[in-house]
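Chemist: The structure is given below, and queries will be raised subsequently.
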Amino acid sequence: MVQSDFLWGAAVAANQLEGAYLSDGRGVSNIDLLPYGKDRLAIAKGEMHYTCVSEDAYYPSHNAIHFYDKMKQDIELLHELGLKCFRFSISWSRIFPTGLEENPNEKGLSFYDELISELEKYNIEPIVTITHFDVPKGLMDHCGSWRSREMVNHYLKFTRVLFERFKDRVKYWISFNEINMLLHKPFTAAGITFEENEAKEQIIYQAAHYQMVASAYATKQLHEIDKNAKMGCMLAAGEFYPYSCNPVDIRRAQKDNQKNYYFVDVQARGSYPRWALKKIDLLGIDISPSDIKVLRENTVDYISFSYYASRTSKEDVSDVDTNTGNAAGGVVNPYLKRSEWGWMIDPLGFRITINSIWDRYQKPLFVVENGLGAQDLIDDHHQIEDDYRIEYLSQHISEMILCIEEDSIPIIGYTMWTAIDLVSASTGEMKKRYGLVYVDKDNEGNGTLRRVPKKSYSWYKKLIESSGKIR
Ligand code: BG6
């Protein structure tokens, strides 16, 4: 049975909804440099420099959905929805505008203070992601962001401020959103840009090591400051299936899964898997004895993850479609339906993935993202009949409930993506909507910003009221 204290909720990320990108002393962050349109993906992957875009480029994060100004009314809508928890992230450059200041920006901190107070008023548990695709530009300029060990200290200065300020008020923290996204989109995930002919792989795996060390020190810091609080890692999850029973495909899937679990292996078990030690040795990654110690002694308390789809691995991809829309790669799975953006839809894969993560780590799990990006149409009566989203969520939640009830896997909660329409991380579009609440804004930034609850909003409300029984 799903326990009555199960955390039903929804998730968002600062850079995708707050806007107000220079208000109250906030500094520019990496995501503020990602334009909407054709150059976005190349910049995200580190294949193009963000300064090379045209002068009239449009940057969707700058205003996003104006949550910074509309926070109270938006949280009220979430309260009416009956959320038990709300996952949001902190904009690092709101607290340390360039990342280099000695003291935090009080106005930035006050915003999150007020946000948490609003949640407390309505008995909604805050789940806080410390960085969700977020690095102050000041740190990119100063030391090349996470390619430098210096970042560990900048990060820990930031986390100390948060842990001390929100002690006893935030129980669940997440150190880095989708930490494995660094392997695929180093600019989005870690603010890293490359010079021509640089050893990209070496830089990426070095940055990965520094992020994991920072996360381990932050876990230690959190436990010292607030002994009841819990730190989670966060993985962009999704099982890699072999395309066929040909052993070469099985081996390809095994390797793809190992690569995907690279970060969580370290964060949950406290050491690098043996295959990875060989790789990082070959790459010449800087790892000190104190790094090894901090990683070993400060594993995470729980494992959080996003799940949108499974992935499929094939050794020879010459005769299949590789256009899956999934940053982690893979090929099209002929057994599955796809979303309007080509993402696979695989509810059973959700159960398979949850079981794999549990079997591998045996730590409490927290599903912190799952949802469907779709184009919603608002009809003449201002209704949005998003039955496709209800179907997606219902099927996935049913599989998660089977994990709890039949497979006996401990799951802390489920925060669907997302509470309210916001800017798509991969495409920068507004029309790729995931929300339970519609926001009147288009891809070019036009619209009244009016909020309209969709059909899925009422559906999710009933689901929460019934502890997941009515779905
Ligand atoms: C996850 C991210 O990768 O997927 C979110 O953590 C993102 O930030 C979500 O929005 C959905 O992806 P997209 O690219 O469709 O917005």
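In the structure tokens, chains take letters A, B, ... by order of appearance, with residues numbered from 1 within each chain and ligands from 1 in the order shown.
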Mind checking which residues fall within 8 Å of Tyr414 in chain A, counting only C-alpha atoms, ignoring those fewer than 5 positions away in the same chain, and posting them as a PyMOL selection string?

Modeler: chain A and resi 7-10+366-369

Chemist: Just write the chosen residues, all heavy atoms, as an mmCIF file, in the first residue's frame.

Modeler:
data_model
loop_
_atom_site.group_PDB
_atom_site.id
_atom_site.type_symbol
_atom_site.label_atom_id
_atom_site.label_comp_id
_atom_site.auth_asym_id
_atom_site.auth_seq_id
_atom_site.Cartn_x
_atom_site.Cartn_y
_atom_site.Cartn_z
ATOM 1 N N LEU A 7 5.183 11.307 -0.439
ATOM 2 C CA LEU A 7 5.225 12.713 -0.879
ATOM 3 C C LEU A 7 4.801 12.852 -2.345
ATOM 4 O O LEU A 7 5.619 12.739 -3.251
ATOM 5 C CB LEU A 7 6.631 13.276 -0.654
ATOM 6 C CG LEU A 7 7.047 13.458 0.817
ATOM 7 C CD1 LEU A 7 8.515 13.858 0.920
ATOM 8 C CD2 LEU A 7 6.163 14.518 1.495
ATOM 9 N N TRP A 8 3.518 13.110 -2.531
ATOM 10 C CA TRP A 8 3.026 13.402 -3.889
ATOM 11 C C TRP A 8 3.327 14.856 -4.194
ATOM 12 O O TRP A 8 2.983 15.731 -3.399
ATOM 13 C CB TRP A 8 1.509 13.187 -3.966
ATOM 14 C CG TRP A 8 1.089 11.760 -3.835
ATOM 15 C CD1 TRP A 8 0.525 11.178 -2.747
ATOM 16 C CD2 TRP A 8 1.190 10.738 -4.847
ATOM 17 N NE1 TRP A 8 0.271 9.844 -2.985
ATOM 18 C CE2 TRP A 8 0.669 9.544 -4.275
ATOM 19 C CE3 TRP A 8 1.674 10.699 -6.147
ATOM 20 C CZ2 TRP A 8 0.610 8.340 -4.975
ATOM 21 C CZ3 TRP A 8 1.617 9.498 -6.842
ATOM 22 C CH2 TRP A 8 1.087 8.340 -6.266
ATOM 23 N N GLY A 9 3.938 15.123 -5.320
ATOM 24 C CA GLY A 9 4.286 16.519 -5.567
ATOM 25 C C GLY A 9 4.517 16.840 -7.025
ATOM 26 O O GLY A 9 4.098 16.096 -7.927
ATOM 27 N N ALA A 10 5.192 17.947 -7.232
ATOM 28 C CA ALA A 10 5.540 18.399 -8.581
ATOM 29 C C ALA A 10 6.882 19.118 -8.490
ATOM 30 O O ALA A 10 7.276 19.585 -7.417
ATOM 31 C CB ALA A 10 4.459 19.314 -9.128
ATOM 32 N N PHE A 366 13.648 8.288 -4.702
ATOM 33 C CA PHE A 366 12.709 9.419 -4.795
ATOM 34 C C PHE A 366 12.587 9.745 -6.290
ATOM 35 O O PHE A 366 13.590 10.102 -6.922
ATOM 36 C CB PHE A 366 13.281 10.617 -4.017
ATOM 37 C CG PHE A 366 12.269 11.652 -3.591
ATOM 38 C CD1 PHE A 366 12.471 12.406 -2.438
ATOM 39 C CD2 PHE A 366 11.102 11.893 -4.322
ATOM 40 C CE1 PHE A 366 11.548 13.372 -2.019
ATOM 41 C CE2 PHE A 366 10.178 12.845 -3.918
ATOM 42 C CZ PHE A 366 10.405 13.586 -2.763
ATOM 43 N N VAL A 367 11.386 9.605 -6.836
ATOM 44 C CA VAL A 367 11.173 9.956 -8.249
ATOM 45 C C VAL A 367 10.936 11.465 -8.285
ATOM 46 O O VAL A 367 9.917 11.947 -7.792
ATOM 47 C CB VAL A 367 9.931 9.249 -8.823
ATOM 48 C CG1 VAL A 367 9.744 9.620 -10.290
ATOM 49 C CG2 VAL A 367 10.030 7.743 -8.651
ATOM 50 N N VAL A 368 11.874 12.211 -8.848
ATOM 51 C CA VAL A 368 11.718 13.666 -8.784
ATOM 52 C C VAL A 368 11.389 14.322 -10.135
ATOM 53 O O VAL A 368 11.261 15.535 -10.200
ATOM 54 C CB VAL A 368 12.938 14.345 -8.120
ATOM 55 C CG1 VAL A 368 13.032 13.958 -6.648
ATOM 56 C CG2 VAL A 368 14.228 14.026 -8.835
ATOM 57 N N GLU A 369 11.255 13.523 -11.188
ATOM 58 C CA GLU A 369 10.748 14.058 -12.462
ATOM 59 C C GLU A 369 10.171 12.924 -13.288
ATOM 60 O O GLU A 369 10.794 11.866 -13.404
ATOM 61 C CB GLU A 369 11.866 14.711 -13.292
ATOM 62 C CG GLU A 369 12.260 16.084 -12.850
ATOM 63 C CD GLU A 369 13.291 16.733 -13.768
ATOM 64 O OE1 GLU A 369 13.207 16.548 -14.996
ATOM 65 O OE2 GLU A 369 14.180 17.414 -13.238
#

Chemist: Would you pick out the contacts of Asn180 in chain A at 7 Å or less, using only C-alpha atoms, so that residues sharing its chain but fewer than 2 positions from it are not included, and give the list as an mmCIF file with C-alpha atoms, in the first residue's frame?

Modeler:
data_model
loop_
_atom_site.group_PDB
_atom_site.id
_atom_site.type_symbol
_atom_site.label_atom_id
_atom_site.label_comp_id
_atom_site.auth_asym_id
_atom_site.auth_seq_id
_atom_site.Cartn_x
_atom_site.Cartn_y
_atom_site.Cartn_z
ATOM 1 C CA GLU A 178 20.724 15.066 -13.417
ATOM 2 C CA LEU A 182 27.357 16.580 -17.789
ATOM 3 C CA LEU A 183 28.491 13.791 -20.122
ATOM 4 C CA LEU A 235 20.235 10.794 -12.038
ATOM 5 C CA ALA A 236 18.670 11.165 -15.472
ATOM 6 C CA ASN A 260 24.840 6.012 -17.025
ATOM 7 C CA PHE A 263 27.976 8.960 -11.000
#

Chemist: Around ligand 1, which protein and nucleic acid residues have at least one atom no more than 10 Å from it, if we count only C-alpha atoms and all ligand atoms? List them as number ranges by chain.

Modeler: A: 11-16, 132-133, 176-179, 181, 188-189, 234-237, 305-308, 325-327, 341, 343, 368-374, 417-418, 421-430, 432-434

Chemist: Mind dumping the selected residues with C-alpha atoms as a CSV table (one decimal), in the first residue's frame?

Modeler:
chain,number,residue,atom,x,y,z
A,11,ALA,CA,8.9,19.8,-9.6
A,12,VAL,CA,10.3,22.9,-11.3
A,13,ALA,CA,13.7,24.5,-11.8
A,14,ALA,CA,14.7,28.1,-11.2
A,15,ASN,CA,16.1,28.9,-14.6
A,16,GLN,CA,13.0,27.6,-16.4
A,132,HIS,CA,19.7,22.6,-11.5
A,133,PHE,CA,21.7,23.3,-14.7
A,176,PHE,CA,23.1,18.4,-8.6
A,177,ASN,CA,20.2,17.9,-11.0
A,178,GLU,CA,20.7,15.1,-13.4
A,179,ILE,CA,24.4,15.0,-12.7
A,181,MET,CA,23.8,15.2,-18.1
A,188,THR,CA,24.0,23.2,-19.8
A,189,ALA,CA,24.9,21.0,-16.9
A,234,MET,CA,20.0,12.9,-8.9
A,235,LEU,CA,20.2,10.8,-12.0
A,236,ALA,CA,18.7,11.2,-15.5
A,237,ALA,CA,17.5,7.5,-15.4
A,305,PHE,CA,16.1,10.4,-10.4
A,306,SER,CA,14.1,11.6,-13.4
A,307,TYR,CA,12.5,9.1,-15.7
A,308,TYR,CA,11.0,10.1,-19.1
A,325,GLY,CA,15.4,13.0,-28.9
A,326,ASN,CA,17.2,11.6,-25.9
A,327,ALA,CA,20.4,13.3,-24.8
A,341,TRP,CA,9.0,15.4,-29.7
A,343,TRP,CA,10.7,10.7,-26.9
A,368,VAL,CA,11.7,13.7,-8.8
A,369,GLU,CA,10.7,14.1,-12.5
A,370,ASN,CA,8.4,12.3,-14.8
A,371,GLY,CA,6.0,13.8,-17.3
A,372,LEU,CA,5.0,14.4,-20.9
A,373,GLY,CA,6.0,17.3,-23.1
A,374,ALA,CA,3.1,18.1,-25.5
A,417,TRP,CA,7.3,17.3,-14.1
A,418,THR,CA,5.9,19.8,-13.9
A,421,ASP,CA,4.2,25.3,-17.9
A,422,LEU,CA,7.7,26.6,-18.1
A,423,VAL,CA,10.6,26.9,-20.6
A,424,SER,CA,11.8,23.5,-22.0
A,425,ALA,CA,15.4,22.8,-21.0
A,426,SER,CA,16.4,21.2,-24.2
A,427,THR,CA,14.6,23.3,-26.8
A,428,GLY,CA,13.9,26.6,-25.0
A,429,GLU,CA,10.4,26.4,-26.2
A,430,MET,CA,7.2,27.2,-24.3
A,432,LYS,CA,6.7,21.9,-25.3
A,433,ARG,CA,4.4,22.0,-22.3
A,434,TYR,CA,4.6,19.7,-19.2

Chemist: Based on DSSP run over this structure's backbone, return all residues of range 232-315 of chain A in helix (DSSP H, G or I), as a PyMOL selection string.

Modeler: chain A and resi 247-260+262-269+274-283+289-297

Chemist: What does the file look like for those residues with C-alpha atoms, as an mmCIF file, in the first residue's frame?

Modeler:
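As written to disk, selection.cif reads:
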data_model
loop_
_atom_site.group_PDB
_atom_site.id
_atom_site.type_symbol
_atom_site.label_atom_id
_atom_site.label_comp_id
_atom_site.auth_asym_id
_atom_site.auth_seq_id
_atom_site.Cartn_x
_atom_site.Cartn_y
_atom_site.Cartn_z
ATOM 1 C CA PRO A 247 25.457 -10.648 -27.585
ATOM 2 C CA VAL A 248 27.003 -7.548 -29.162
ATOM 3 C CA ASP A 249 23.781 -5.631 -28.454
ATOM 4 C CA ILE A 250 23.621 -7.043 -24.917
ATOM 5 C CA ARG A 251 27.173 -5.919 -24.285
ATOM 6 C CA ARG A 252 26.428 -2.475 -25.756
ATOM 7 C CA ALA A 253 23.456 -2.097 -23.407
ATOM 8 C CA GLN A 254 25.547 -3.243 -20.457
ATOM 9 C CA LYS A 255 28.208 -0.640 -21.240
ATOM 10 C CA ASP A 256 25.620 2.098 -21.743
ATOM 11 C CA ASN A 257 24.038 1.273 -18.382
ATOM 12 C CA GLN A 258 27.430 1.262 -16.671
ATOM 13 C CA LYS A 259 28.213 4.674 -18.122
ATOM 14 C CA ASN A 260 24.840 6.012 -17.025
ATOM 15 C CA TYR A 262 28.902 6.057 -13.288
ATOM 16 C CA PHE A 263 27.976 8.960 -11.000
ATOM 17 C CA VAL A 264 25.518 7.151 -8.749
ATOM 18 C CA ASP A 265 27.965 4.268 -8.308
ATOM 19 C CA VAL A 266 30.342 6.772 -6.716
ATOM 20 C CA GLN A 267 27.753 8.837 -4.861
ATOM 21 C CA ALA A 268 25.832 5.889 -3.423
ATOM 22 C CA ARG A 269 28.615 3.329 -2.910
ATOM 23 C CA ARG A 274 36.705 -0.848 -11.305
ATOM 24 C CA TRP A 275 36.065 -0.296 -15.018
ATOM 25 C CA ALA A 276 35.886 3.445 -14.342
ATOM 26 C CA LEU A 277 39.179 3.489 -12.423
ATOM 27 C CA LYS A 278 40.879 2.231 -15.518
ATOM 28 C CA LYS A 279 39.222 4.899 -17.642
ATOM 29 C CA ILE A 280 40.037 7.803 -15.358
ATOM 30 C CA ASP A 281 43.594 6.586 -15.047
ATOM 31 C CA LEU A 282 43.946 6.581 -18.830
ATOM 32 C CA LEU A 283 42.445 10.054 -19.014
ATOM 33 C CA PRO A 289 43.754 10.819 -1.485
ATOM 34 C CA SER A 290 41.488 13.240 0.399
ATOM 35 C CA ASP A 291 38.982 13.042 -2.495
ATOM 36 C CA ILE A 292 38.875 9.273 -2.168
ATOM 37 C CA LYS A 293 38.309 9.602 1.579
ATOM 38 C CA VAL A 294 35.520 12.174 1.348
ATOM 39 C CA LEU A 295 33.726 10.166 -1.331
ATOM 40 C CA ARG A 296 33.975 7.002 0.718
ATOM 41 C CA GLU A 297 32.761 8.570 3.965
#

Chemist: Apply DSSP to the backbone of this structure and, from range 313-429 of chain A, keep only the residues in strand (DSSP E); write these as a short mmCIF file (atom, residue, chain, number, x, y, z; two decimals) with N, CA and C atoms, in the first residue's frame.

Modeler:
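Okay, this is what ended up in result00.cif:
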data_model
loop_
_atom_site.label_atom_id
_atom_site.label_comp_id
_atom_site.auth_asym_id
_atom_site.auth_seq_id
_atom_site.Cartn_x
_atom_site.Cartn_y
_atom_site.Cartn_z
N SER A 313 19.85 0.12 -26.85
CA SER A 313 21.24 0.11 -27.34
C SER A 313 21.42 -0.88 -28.47
N LYS A 337 5.50 3.60 -28.38
CA LYS A 337 4.96 4.83 -28.98
C LYS A 337 5.91 5.97 -28.64
N ARG A 338 5.73 7.10 -29.33
CA ARG A 338 6.62 8.24 -29.09
C ARG A 338 5.81 9.50 -28.86
N MET A 344 10.52 8.36 -26.47
CA MET A 344 9.82 7.09 -26.28
C MET A 344 8.87 7.19 -25.09
N ILE A 345 7.79 6.42 -25.16
CA ILE A 345 6.85 6.39 -24.03
C ILE A 345 6.82 4.94 -23.54
N LEU A 365 14.52 5.50 -2.59
CA LEU A 365 14.45 6.17 -3.89
C LEU A 365 13.44 7.31 -3.84
N PHE A 366 13.65 8.29 -4.70
CA PHE A 366 12.71 9.42 -4.79
C PHE A 366 12.59 9.75 -6.29
N VAL A 367 11.39 9.61 -6.84
CA VAL A 367 11.17 9.96 -8.25
C VAL A 367 10.94 11.47 -8.28
N VAL A 368 11.87 12.21 -8.85
CA VAL A 368 11.72 13.67 -8.78
C VAL A 368 11.39 14.32 -10.13
N GLU A 369 11.25 13.52 -11.19
CA GLU A 369 10.75 14.06 -12.46
C GLU A 369 10.17 12.92 -13.29
N ILE A 411 10.00 3.88 -1.72
CA ILE A 411 10.04 5.12 -2.52
C ILE A 411 9.46 6.24 -1.64
N ILE A 412 10.23 7.31 -1.52
CA ILE A 412 9.85 8.41 -0.62
C ILE A 412 8.72 9.24 -1.21
N GLY A 413 8.78 9.47 -2.52
CA GLY A 413 7.78 10.34 -3.11
C GLY A 413 7.91 10.39 -4.62
N TYR A 414 7.04 11.20 -5.20
CA TYR A 414 6.95 11.31 -6.67
C TYR A 414 6.63 12.77 -6.99
N THR A 415 7.55 13.46 -7.63
CA THR A 415 7.24 14.83 -8.05
C THR A 415 7.19 14.85 -9.58
N MET A 416 6.00 14.93 -10.11
CA MET A 416 5.85 14.92 -11.58
C MET A 416 6.45 16.21 -12.15
N TRP A 417 6.84 16.13 -13.41
CA TRP A 417 7.33 17.32 -14.14
C TRP A 417 6.23 17.70 -15.09
#

Chemist: Mind pulling up the distance from CA of Ile390 in chain A to CA of Lys462 in chain A?

Modeler: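 Interatomic distance, CA of Lys462 in chain A to CA of Ile390 in chain A: 11.9 Å.
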
Chemist: Neighbours of Pro347 in chain A within 10 Å (only C-alpha atoms; same-chain residues fewer than 5 positions away dropped), as a VMD selection string?

Modeler: chain A and resid 307 to 310 336 352 to 353 392 to 400

Chemist: Could you list, as a VMD selection string, every residue within 8 Å of Asp134 in chain A, counting only C-alpha atoms and ignoring same-chain residues fewer than 6 positions away?

Modeler: chain A and resid 15 29 to 31 91 to 92 188 to 191
